[in-house]
Amino acid sequence: MAGPLAVRPLYLAIFLLSAATLAWEVVLSRVFAVTQFYHFAFLVVNLALLGFGAGGTFLSLRPRWTADDQQAAAWRPRLEALALGFAAALLGGYLFVNALPFDSYAIAWDRRQVALLAAYYLALAAPFFCVGVAVGLALAVSGPASHRVYAANLLGSAVGAAAAPALLNGLGIPAVLFPLAAAGVAAAAVAARRPSLLRFLFYAAALGSLMWATAAPPAAARLRLSPYKGLSQALLYPGSGVVAEDDSAVSRVTVIESAGVRSLPGLSFQYHGPLPPQFGLFTDGDDLSPVVDTRRPVDWAFLDYLPEALAYRLRPGAAALVLNPRGGLAIWQALEGGAAGRPVVAVEADPGVLRQLDRLLGDRSPYRQPQVVSAVETARSFLGRDRGRYGVIHVALVQPYRPVTSGAFSLSETYDLTVEAMRAYFDHLAPDGVLVISRWLQTPPSETVRTLALLREGLLAAGVEEPRAHLVALRGVQVATFLAKRTPWAAEELAEVRRFAQQRRLDLALAPDLQPSEINRFNVLPEPYYEEAYAALLAAADPRPFYAAQPFDVRPPTDDHPFFFHFFRWAQTPVVLATLGQTWQPFGGSGVLVLVALLILSVLASAALILLPLAVGRRAAGAAAERAAPARWRVLTYFAALGLGFLLVEIPLIQRFILLLGHPTLALTAVLAGLLLWSGVGSLLAPRLPWRGTLAALLAVGVAYQLLLGPLAGALLAASLAVRLAAAVALLAPLGLLMGVPFPRGIGWLAATGPQLTPWAWAINGCASVIASVLAALLALQWGFTAVTALGLLCYAAALTAIWAVDLTAGRPAVPRPPAAQSAPRPG
């Protein structure tokens, strides 16, 4: 066993490797968000994490690596080799997958794509495998000090989580890869046992080369986007080119100049004037948003032919709040659609958008107009702190048309389109203010029906008894626009609505006094599908039968279930499978079925990685060691429950902190860094804390978080960002401390009773974490994040049950006395 002084380099090496690995996970998610689609990023990143479990399995099959007579002398060269392997696999794997011609659209019919996907997986799993072996080896050789190794792993991961956004903001992709590889090289240098001139020159050259590559990344490392991304398609237009790009932890914002960019959603066919000169703004290579080129003369007459112009015609001169304007078209609508000088507040979550428009347009950027006040945060966070009341609240339509049948964006959360969001919008309307929302028309009616369901719930929450009297809707060819008020529509207002619809040849799809003769007049359909659906929803006293009768799930999303673009029903599965390979969608369509397939693959792969050491280990271990070791079912239950529980609790916390901190990236960073930091502290304190008592306290604290976190977050929304960030980290302390204790206590238990099982326990924990990440997404889609957290706490309860009969003083399961011995009479 290595002595206390000898293992100090071990802690530092594990700290550096863990920091680089967690940062690489964050960067990798950004890489695939830009180059591919959400399905693909989720699939590859989660499968790659199986490398951790594979590392534990590898160690279980190499018992000599952790044997007492070998570990003191051999761990340093092995750890050095693994750290260098991590650095090489990180760079090599990235360059390999960046050059590989994988086509997610063709995978449903082209078998070669399955092989390419497997190559993706193996290349991306390699660095995780190296780190999985390294951490498992360190846990095994450290013996009673394993809690310090685990603390180094957690604290390093916390630093990596906090550093990743800063590195992405400062360096961008691909430059950020090389410092992460350098951290792996530095870990190898720390682990090196015998310093020599040759070794010094090698490490100096390696680190110098990586720093050089950071400053000047090679051309082969530049991101290659999928040819199906919107940006890739737009650049095919003759004469198109990138004029500006901003890479950050939030997104990659790309602005192109192209004669082919013509995007004015909902523009009436009655407009015959010139279209404005436009740039195309893309976020992560997709989601085209138009940017009016104000450097050249612009005829703004087109703005009055967009359907949202009706709101500004109804409320001229009123203060306006524009939410998520992205390229700024909605800001120009607010500025030009009514009286000059009207105050306009524009809330945009992506700071890269503002930076790019400022660089491109300067003082002519919509965000830099004298009447415009810009706020860089999410709409919900802004509304939680703002006390203003607005005559018009405009929720801008910035997402492109996405066929509802594809399910391609089922997994994306949208907190601006939930029941709670609608309540916030109505709360911030002036007494006679207007809320305007436009959404794409889908066949069959779904996206706009869900929007109407949200408005209905928001009005009911605002105290409105009859929502129909407060709603009107206009239907064009592709877009439906809803206008809602807290007060009923007046007769003169409805007359203005009809005049606008008549002039712009837009169909009146919903109004308190809508007549059958008024529907389906201009944009004629075989049947008035949308008008009938809207009327049926508002006529229902209980909307649940209406929702159940729809071909798609159109129930209104909530903050606990914020998946506005998730329309899938399980009854659609036969249709999806029958059309597999016949639709032009990544992975053939439905995102839910991709998750199900991923869960099945993860379970099968994890089962193989867990059961293989179980079959081989009994032959490798001696009979005495087998008899002394704890029951394998107990070890399997305990460490699997910990792996599942940790992520099932962590993932919903990230979602809940989005509303508090104002941006998903900031919430991800704060929760990962904060939770891992406090868990690292808990690991250091683990030997001093009661094992079963800590698990019981964890369950109690978890339940308290469920009840109290929402009200606490709401009370903090009015504070500054710095205060909210500090409060978030502090709020995570009790839970994080407790979550850091069970794993090192379990490893300590194995060190005393069955040290040969330590690598296997590490493999179980890693595999369970991968299953948990997929399971959490599926459960959240079906039942919401509260159900995910509840399952996580149940997993911790299962862990407590597994060690309930363990003799904590002897470090092995207690052996109860036979009943006969307990009741035997004392002799004579």
# chains A, B, ... in the order shown; residues from 1 in each chain; ligands from 1

$ select_by_dssp --residues "region 282-319 of chain A" --states "helix (DSSP H, G or I)" --output "VMD selection string"
chain A and resid 300 to 305 309 to 314

$ residues_around --residues "Ala777 (chain A)" --least-positions-apart "6" --cutoff "10 Å" --atoms "only C-alpha atoms" --output "PDB file with N, CA, C and O atoms, in the first residue's frame"
ATOM      1  N   PHE A  42     -27.298  13.794 -27.803  1.00  0.00           N
ATOM      2  CA  PHE A  42     -27.722  13.021 -26.639  1.00  0.00           C
ATOM      3  C   PHE A  42     -27.253  11.578 -26.750  1.00  0.00           C
ATOM      4  O   PHE A  42     -26.732  10.984 -25.790  1.00  0.00           O
ATOM      5  N   LEU A 411     -37.084  16.764 -27.136  1.00  0.00           N
ATOM      6  CA  LEU A 411     -36.273  16.773 -25.927  1.00  0.00           C
ATOM      7  C   LEU A 411     -35.891  18.172 -25.472  1.00  0.00           C
ATOM      8  O   LEU A 411     -35.254  18.318 -24.430  1.00  0.00           O
ATOM      9  N   VAL A 592     -38.665  10.380 -28.933  1.00  0.00           N
ATOM     10  CA  VAL A 592     -38.948   9.493 -27.806  1.00  0.00           C
ATOM     11  C   VAL A 592     -38.477   8.078 -28.106  1.00  0.00           C
ATOM     12  O   VAL A 592     -37.874   7.416 -27.254  1.00  0.00           O
ATOM     13  N   LEU A 595     -34.872   7.746 -27.683  1.00  0.00           N
ATOM     14  CA  LEU A 595     -34.531   7.590 -26.264  1.00  0.00           C
ATOM     15  C   LEU A 595     -34.768   6.158 -25.786  1.00  0.00           C
ATOM     16  O   LEU A 595     -33.963   5.610 -25.025  1.00  0.00           O
ATOM     17  N   LEU A 648     -30.335  11.209 -11.084  1.00  0.00           N
ATOM     18  CA  LEU A 648     -31.772  11.448 -11.082  1.00  0.00           C
ATOM     19  C   LEU A 648     -32.154  12.608 -10.174  1.00  0.00           C
ATOM     20  O   LEU A 648     -33.206  13.228 -10.360  1.00  0.00           O
ATOM     21  N   ILE A 651     -30.143  16.095 -12.293  1.00  0.00           N
ATOM     22  CA  ILE A 651     -30.710  16.623 -13.541  1.00  0.00           C
ATOM     23  C   ILE A 651     -31.924  17.528 -13.292  1.00  0.00           C
ATOM     24  O   ILE A 651     -32.004  18.624 -13.843  1.00  0.00           O
ATOM     25  N   PRO A 652     -32.895  17.140 -12.461  1.00  0.00           N
ATOM     26  CA  PRO A 652     -33.996  18.082 -12.180  1.00  0.00           C
ATOM     27  C   PRO A 652     -33.534  19.360 -11.481  1.00  0.00           C
ATOM     28  O   PRO A 652     -34.137  20.420 -11.683  1.00  0.00           O
ATOM     29  N   GLY A 784     -42.652  14.429 -15.942  1.00  0.00           N
ATOM     30  CA  GLY A 784     -42.128  15.664 -15.381  1.00  0.00           C
ATOM     31  C   GLY A 784     -40.950  15.435 -14.445  1.00  0.00           C
ATOM     32  O   GLY A 784     -40.628  14.316 -14.056  1.00  0.00           O
ATOM     33  N   PHE A 785     -40.307  16.549 -14.077  1.00  0.00           N
ATOM     34  CA  PHE A 785     -39.074  16.466 -13.297  1.00  0.00           C
ATOM     35  C   PHE A 785     -39.327  16.086 -11.840  1.00  0.00           C
ATOM     36  O   PHE A 785     -38.439  15.541 -11.178  1.00  0.00           O
ATOM     37  N   VAL A 788     -38.945  12.464 -11.670  1.00  0.00           N
ATOM     38  CA  VAL A 788     -37.533  12.068 -11.775  1.00  0.00           C
ATOM     39  C   VAL A 788     -36.854  12.176 -10.416  1.00  0.00           C
ATOM     40  O   VAL A 788     -36.139  11.268  -9.977  1.00  0.00           O
TER      41      VAL A 788
END

$ residues_around --residues "Ala787 (chain A)" --least-positions-apart "5" --cutoff "12 Å" --atoms "only C-alpha atoms" --output "PyMOL selection string"
chain A and resi 560-561+648-649+651-652+706+775-782+792-794

$ residues_around --residues "Leu275 (chain A)" --least-positions-apart "2" --cutoff "8 Å" --atoms "only C-alpha atoms" --output "PyMOL selection string"
chain A and resi 262+273+277+299+302

$ write_last_selection --atoms "N, CA and C atoms" --output "PDB file, in the first residue's frame"
ATOM      1  N   ARG A 262     -34.761  35.307 -47.110  1.00  0.00           N
ATOM      2  CA  ARG A 262     -36.026  36.035 -47.174  1.00  0.00           C
ATOM      3  C   ARG A 262     -36.946  35.407 -46.143  1.00  0.00           C
ATOM      4  N   GLY A 273     -44.910  45.439 -51.905  1.00  0.00           N
ATOM      5  CA  GLY A 273     -43.754  46.323 -51.932  1.00  0.00           C
ATOM      6  C   GLY A 273     -42.449  45.554 -51.868  1.00  0.00           C
ATOM      7  N   PRO A 277     -33.703  44.365 -47.165  1.00  0.00           N
ATOM      8  CA  PRO A 277     -32.434  43.622 -47.229  1.00  0.00           C
ATOM      9  C   PRO A 277     -32.190  42.934 -45.896  1.00  0.00           C
ATOM     10  N   ASP A 299     -37.548  50.161 -46.607  1.00  0.00           N
ATOM     11  CA  ASP A 299     -38.965  50.548 -46.658  1.00  0.00           C
ATOM     12  C   ASP A 299     -39.688  49.716 -45.600  1.00  0.00           C
ATOM     13  N   PHE A 302     -43.567  46.980 -44.929  1.00  0.00           N
ATOM     14  CA  PHE A 302     -43.880  45.552 -44.803  1.00  0.00           C
ATOM     15  C   PHE A 302     -44.292  45.176 -43.386  1.00  0.00           C
TER      16      PHE A 302
END

$ select_by_dssp --residues "region 217-463 of chain A" --states "strand (DSSP E or B)" --output "ChimeraX atom specification"
/A:241-247,252-257,278-283,286-292,320-323,344-348,372-376,390-395,429-440

$ residues_around --residues "region 669-674 of chain A" --least-positions-apart "6" --cutoff "10 Å" --atoms "only C-alpha atoms" --output "PyMOL selection string"
chain A and resi 22+26+154-165+650-651+653-658+661+680+725-726+728-733+736

$ write_last_selection --atoms "N, CA, C and O atoms" --output "tab-separated table (two decimals), in the first residue's frame"
chain	number	residue	atom	x	y	z
A	22	LEU	N	-14.61	16.41	-17.07
A	22	LEU	CA	-15.91	17.07	-16.96
A	22	LEU	C	-16.02	18.23	-17.94
A	22	LEU	O	-17.05	18.44	-18.59
A	26	VAL	N	-18.77	18.84	-21.19
A	26	VAL	CA	-19.51	20.06	-21.52
A	26	VAL	C	-19.18	20.52	-22.93
A	26	VAL	O	-20.07	20.86	-23.72
A	154	LEU	N	-14.26	14.48	-7.34
A	154	LEU	CA	-15.41	15.38	-7.32
A	154	LEU	C	-14.98	16.85	-7.40
A	154	LEU	O	-15.57	17.64	-8.14
A	155	LEU	N	-13.95	17.22	-6.62
A	155	LEU	CA	-13.51	18.61	-6.63
A	155	LEU	C	-12.91	18.98	-7.99
A	155	LEU	O	-13.13	20.10	-8.49
A	156	GLY	N	-12.16	18.06	-8.59
A	156	GLY	CA	-11.66	18.32	-9.94
A	156	GLY	C	-12.79	18.49	-10.93
A	156	GLY	O	-12.76	19.38	-11.80
A	157	SER	N	-13.81	17.64	-10.82
A	157	SER	CA	-14.98	17.76	-11.71
A	157	SER	C	-15.68	19.09	-11.51
A	157	SER	O	-16.16	19.70	-12.48
A	158	ALA	N	-15.76	19.55	-10.26
A	158	ALA	CA	-16.39	20.85	-9.99
A	158	ALA	C	-15.62	21.97	-10.68
A	158	ALA	O	-16.20	22.88	-11.27
A	159	VAL	N	-14.30	21.91	-10.59
A	159	VAL	CA	-13.48	22.93	-11.26
A	159	VAL	C	-13.66	22.86	-12.77
A	159	VAL	O	-13.76	23.88	-13.46
A	160	GLY	N	-13.72	21.64	-13.30
A	160	GLY	CA	-13.94	21.48	-14.74
A	160	GLY	C	-15.27	22.04	-15.18
A	160	GLY	O	-15.37	22.70	-16.24
A	161	ALA	N	-16.31	21.82	-14.38
A	161	ALA	CA	-17.64	22.35	-14.72
A	161	ALA	C	-17.63	23.87	-14.71
A	161	ALA	O	-18.26	24.51	-15.56
A	162	ALA	N	-16.93	24.47	-13.75
A	162	ALA	CA	-16.88	25.93	-13.69
A	162	ALA	C	-15.98	26.51	-14.77
A	162	ALA	O	-16.24	27.61	-15.29
A	163	ALA	N	-14.92	25.78	-15.14
A	163	ALA	CA	-13.96	26.30	-16.11
A	163	ALA	C	-14.45	26.18	-17.55
A	163	ALA	O	-14.08	26.99	-18.40
A	164	ALA	N	-15.28	25.18	-17.84
A	164	ALA	CA	-15.69	24.92	-19.22
A	164	ALA	C	-16.36	26.14	-19.87
A	164	ALA	O	-15.97	26.53	-20.98
A	165	PRO	N	-17.36	26.78	-19.24
A	165	PRO	CA	-17.95	27.96	-19.88
A	165	PRO	C	-16.94	29.09	-20.10
A	165	PRO	O	-16.98	29.77	-21.13
A	650	GLU	N	-29.73	15.15	-9.60
A	650	GLU	CA	-28.97	16.27	-10.16
A	650	GLU	C	-29.65	16.91	-11.37
A	650	GLU	O	-29.74	18.14	-11.48
A	651	ILE	N	-30.14	16.09	-12.29
A	651	ILE	CA	-30.71	16.62	-13.54
A	651	ILE	C	-31.92	17.53	-13.29
A	651	ILE	O	-32.00	18.62	-13.84
A	653	LEU	N	-32.48	19.27	-10.66
A	653	LEU	CA	-31.98	20.48	-10.02
A	653	LEU	C	-31.50	21.49	-11.06
A	653	LEU	O	-31.72	22.70	-10.92
A	654	ILE	N	-30.84	21.01	-12.11
A	654	ILE	CA	-30.40	21.92	-13.17
A	654	ILE	C	-31.59	22.64	-13.78
A	654	ILE	O	-31.56	23.85	-14.01
A	655	GLN	N	-32.66	21.89	-14.04
A	655	GLN	CA	-33.85	22.50	-14.64
A	655	GLN	C	-34.48	23.54	-13.71
A	655	GLN	O	-34.90	24.61	-14.15
A	656	ARG	N	-34.53	23.24	-12.43
A	656	ARG	CA	-35.17	24.16	-11.49
A	656	ARG	C	-34.35	25.45	-11.33
A	656	ARG	O	-34.91	26.52	-11.05
A	657	PHE	N	-33.04	25.35	-11.49
A	657	PHE	CA	-32.20	26.53	-11.30
A	657	PHE	C	-32.14	27.41	-12.55
A	657	PHE	O	-31.61	28.52	-12.49
A	658	ILE	N	-32.67	26.94	-13.67
A	658	ILE	CA	-32.72	27.78	-14.87
A	658	ILE	C	-33.54	29.03	-14.61
A	658	ILE	O	-33.14	30.15	-14.97
A	661	LEU	N	-31.51	31.46	-12.17
A	661	LEU	CA	-30.29	32.10	-12.66
A	661	LEU	C	-30.44	32.75	-14.02
A	661	LEU	O	-29.55	33.48	-14.46
A	680	GLY	N	-17.66	16.88	-2.94
A	680	GLY	CA	-16.25	16.64	-2.63
A	680	GLY	C	-15.93	16.91	-1.17
A	680	GLY	O	-15.19	16.15	-0.53
A	725	LEU	N	-26.57	33.84	-7.79
A	725	LEU	CA	-25.57	32.80	-8.03
A	725	LEU	C	-24.98	32.30	-6.71
A	725	LEU	O	-24.84	31.09	-6.50
A	726	ALA	N	-24.65	33.23	-5.82
A	726	ALA	CA	-24.13	32.84	-4.50
A	726	ALA	C	-25.17	32.05	-3.72
A	726	ALA	O	-24.85	31.04	-3.06
A	728	ALA	N	-27.55	30.23	-4.99
A	728	ALA	CA	-27.70	28.91	-5.61
A	728	ALA	C	-26.64	27.94	-5.10
A	728	ALA	O	-26.95	26.79	-4.75
A	729	VAL	N	-25.40	28.40	-5.04
A	729	VAL	CA	-24.33	27.54	-4.55
A	729	VAL	C	-24.56	27.20	-3.08
A	729	VAL	O	-24.35	26.05	-2.65
A	730	ALA	N	-25.02	28.18	-2.30
A	730	ALA	CA	-25.29	27.92	-0.88
A	730	ALA	C	-26.46	26.95	-0.70
A	730	ALA	O	-26.42	26.06	0.17
A	731	LEU	N	-27.49	27.09	-1.52
A	731	LEU	CA	-28.64	26.19	-1.42
A	731	LEU	C	-28.27	24.75	-1.71
A	731	LEU	O	-28.90	23.82	-1.20
A	732	LEU	N	-27.24	24.55	-2.53
A	732	LEU	CA	-26.84	23.20	-2.88
A	732	LEU	C	-26.00	22.53	-1.79
A	732	LEU	O	-25.77	21.32	-1.84
A	733	ALA	N	-25.53	23.31	-0.80
A	733	ALA	CA	-24.61	22.78	0.20
A	733	ALA	C	-25.17	21.60	1.00
A	733	ALA	O	-24.52	20.55	1.08
A	736	GLY	N	-25.60	18.57	-1.39
A	736	GLY	CA	-24.33	18.14	-1.94
A	736	GLY	C	-23.45	17.45	-0.92
A	736	GLY	O	-22.82	16.42	-1.20

$ closest_residue --among "A:Asn324, A:Ser248, A:Asn520, A:Ser606" --to "Gly476 (chain A)" --atoms "only C-alpha atoms"
A:Asn520

$ closest_residue --among "A:Ala640, A:Leu223, A:Leu483, A:Leu611" --to "Trp762 (chain A)" --atoms "only C-alpha atoms"
A:Ala640

$ decode --residues "region 641-657 of chain A" --atoms "N, CA, C and O atoms" --output "PDB file, in the first residue's frame"
ATOM      1  N   ALA A 641     -27.694   1.773  -7.073  1.00  0.00           N
ATOM      2  CA  ALA A 641     -28.644   2.757  -6.538  1.00  0.00           C
ATOM      3  C   ALA A 641     -27.991   4.127  -6.395  1.00  0.00           C
ATOM      4  O   ALA A 641     -28.622   5.154  -6.684  1.00  0.00           O
ATOM      5  N   LEU A 642     -26.717   4.153  -5.970  1.00  0.00           N
ATOM      6  CA  LEU A 642     -26.024   5.438  -5.859  1.00  0.00           C
ATOM      7  C   LEU A 642     -25.827   6.080  -7.230  1.00  0.00           C
ATOM      8  O   LEU A 642     -26.021   7.295  -7.403  1.00  0.00           O
ATOM      9  N   GLY A 643     -25.416   5.289  -8.233  1.00  0.00           N
ATOM     10  CA  GLY A 643     -25.220   5.834  -9.570  1.00  0.00           C
ATOM     11  C   GLY A 643     -26.501   6.373 -10.175  1.00  0.00           C
ATOM     12  O   GLY A 643     -26.516   7.436 -10.804  1.00  0.00           O
ATOM     13  N   LEU A 644     -27.596   5.641  -9.986  1.00  0.00           N
ATOM     14  CA  LEU A 644     -28.889   6.106 -10.473  1.00  0.00           C
ATOM     15  C   LEU A 644     -29.364   7.333  -9.699  1.00  0.00           C
ATOM     16  O   LEU A 644     -29.801   8.323 -10.276  1.00  0.00           O
ATOM     17  N   GLY A 645     -29.288   7.259  -8.384  1.00  0.00           N
ATOM     18  CA  GLY A 645     -29.829   8.312  -7.542  1.00  0.00           C
ATOM     19  C   GLY A 645     -29.155   9.653  -7.748  1.00  0.00           C
ATOM     20  O   GLY A 645     -29.823  10.697  -7.799  1.00  0.00           O
ATOM     21  N   PHE A 646     -27.822   9.665  -7.871  1.00  0.00           N
ATOM     22  CA  PHE A 646     -27.100  10.927  -7.980  1.00  0.00           C
ATOM     23  C   PHE A 646     -27.581  11.721  -9.193  1.00  0.00           C
ATOM     24  O   PHE A 646     -27.933  12.896  -9.088  1.00  0.00           O
ATOM     25  N   LEU A 647     -27.619  11.098 -10.367  1.00  0.00           N
ATOM     26  CA  LEU A 647     -28.021  11.826 -11.577  1.00  0.00           C
ATOM     27  C   LEU A 647     -29.521  12.110 -11.612  1.00  0.00           C
ATOM     28  O   LEU A 647     -29.942  13.147 -12.133  1.00  0.00           O
ATOM     29  N   LEU A 648     -30.335  11.209 -11.084  1.00  0.00           N
ATOM     30  CA  LEU A 648     -31.772  11.448 -11.082  1.00  0.00           C
ATOM     31  C   LEU A 648     -32.154  12.608 -10.174  1.00  0.00           C
ATOM     32  O   LEU A 648     -33.206  13.228 -10.360  1.00  0.00           O
ATOM     33  N   VAL A 649     -31.330  12.919  -9.209  1.00  0.00           N
ATOM     34  CA  VAL A 649     -31.547  14.106  -8.373  1.00  0.00           C
ATOM     35  C   VAL A 649     -30.899  15.331  -9.016  1.00  0.00           C
ATOM     36  O   VAL A 649     -31.454  16.435  -9.000  1.00  0.00           O
ATOM     37  N   GLU A 650     -29.726  15.146  -9.605  1.00  0.00           N
ATOM     38  CA  GLU A 650     -28.968  16.271 -10.156  1.00  0.00           C
ATOM     39  C   GLU A 650     -29.649  16.906 -11.368  1.00  0.00           C
ATOM     40  O   GLU A 650     -29.736  18.140 -11.478  1.00  0.00           O
ATOM     41  N   ILE A 651     -30.143  16.095 -12.293  1.00  0.00           N
ATOM     42  CA  ILE A 651     -30.710  16.623 -13.541  1.00  0.00           C
ATOM     43  C   ILE A 651     -31.924  17.528 -13.292  1.00  0.00           C
ATOM     44  O   ILE A 651     -32.004  18.624 -13.843  1.00  0.00           O
ATOM     45  N   PRO A 652     -32.895  17.140 -12.461  1.00  0.00           N
ATOM     46  CA  PRO A 652     -33.996  18.082 -12.180  1.00  0.00           C
ATOM     47  C   PRO A 652     -33.534  19.360 -11.481  1.00  0.00           C
ATOM     48  O   PRO A 652     -34.137  20.420 -11.683  1.00  0.00           O
ATOM     49  N   LEU A 653     -32.484  19.271 -10.663  1.00  0.00           N
ATOM     50  CA  LEU A 653     -31.978  20.484 -10.023  1.00  0.00           C
ATOM     51  C   LEU A 653     -31.505  21.493 -11.060  1.00  0.00           C
ATOM     52  O   LEU A 653     -31.723  22.703 -10.920  1.00  0.00           O
ATOM     53  N   ILE A 654     -30.840  21.014 -12.113  1.00  0.00           N
ATOM     54  CA  ILE A 654     -30.397  21.917 -13.174  1.00  0.00           C
ATOM     55  C   ILE A 654     -31.590  22.639 -13.783  1.00  0.00           C
ATOM     56  O   ILE A 654     -31.563  23.851 -14.010  1.00  0.00           O
ATOM     57  N   GLN A 655     -32.663  21.891 -14.041  1.00  0.00           N
ATOM     58  CA  GLN A 655     -33.853  22.502 -14.640  1.00  0.00           C
ATOM     59  C   GLN A 655     -34.476  23.537 -13.714  1.00  0.00           C
ATOM     60  O   GLN A 655     -34.895  24.606 -14.155  1.00  0.00           O
ATOM     61  N   ARG A 656     -34.531  23.236 -12.433  1.00  0.00           N
ATOM     62  CA  ARG A 656     -35.174  24.163 -11.494  1.00  0.00           C
ATOM     63  C   ARG A 656     -34.353  25.449 -11.327  1.00  0.00           C
ATOM     64  O   ARG A 656     -34.909  26.518 -11.048  1.00  0.00           O
ATOM     65  N   PHE A 657     -33.037  25.352 -11.487  1.00  0.00           N
ATOM     66  CA  PHE A 657     -32.196  26.529 -11.296  1.00  0.00           C
ATOM     67  C   PHE A 657     -32.143  27.409 -12.545  1.00  0.00           C
ATOM     68  O   PHE A 657     -31.608  28.516 -12.488  1.00  0.00           O
TER      69      PHE A 657
END
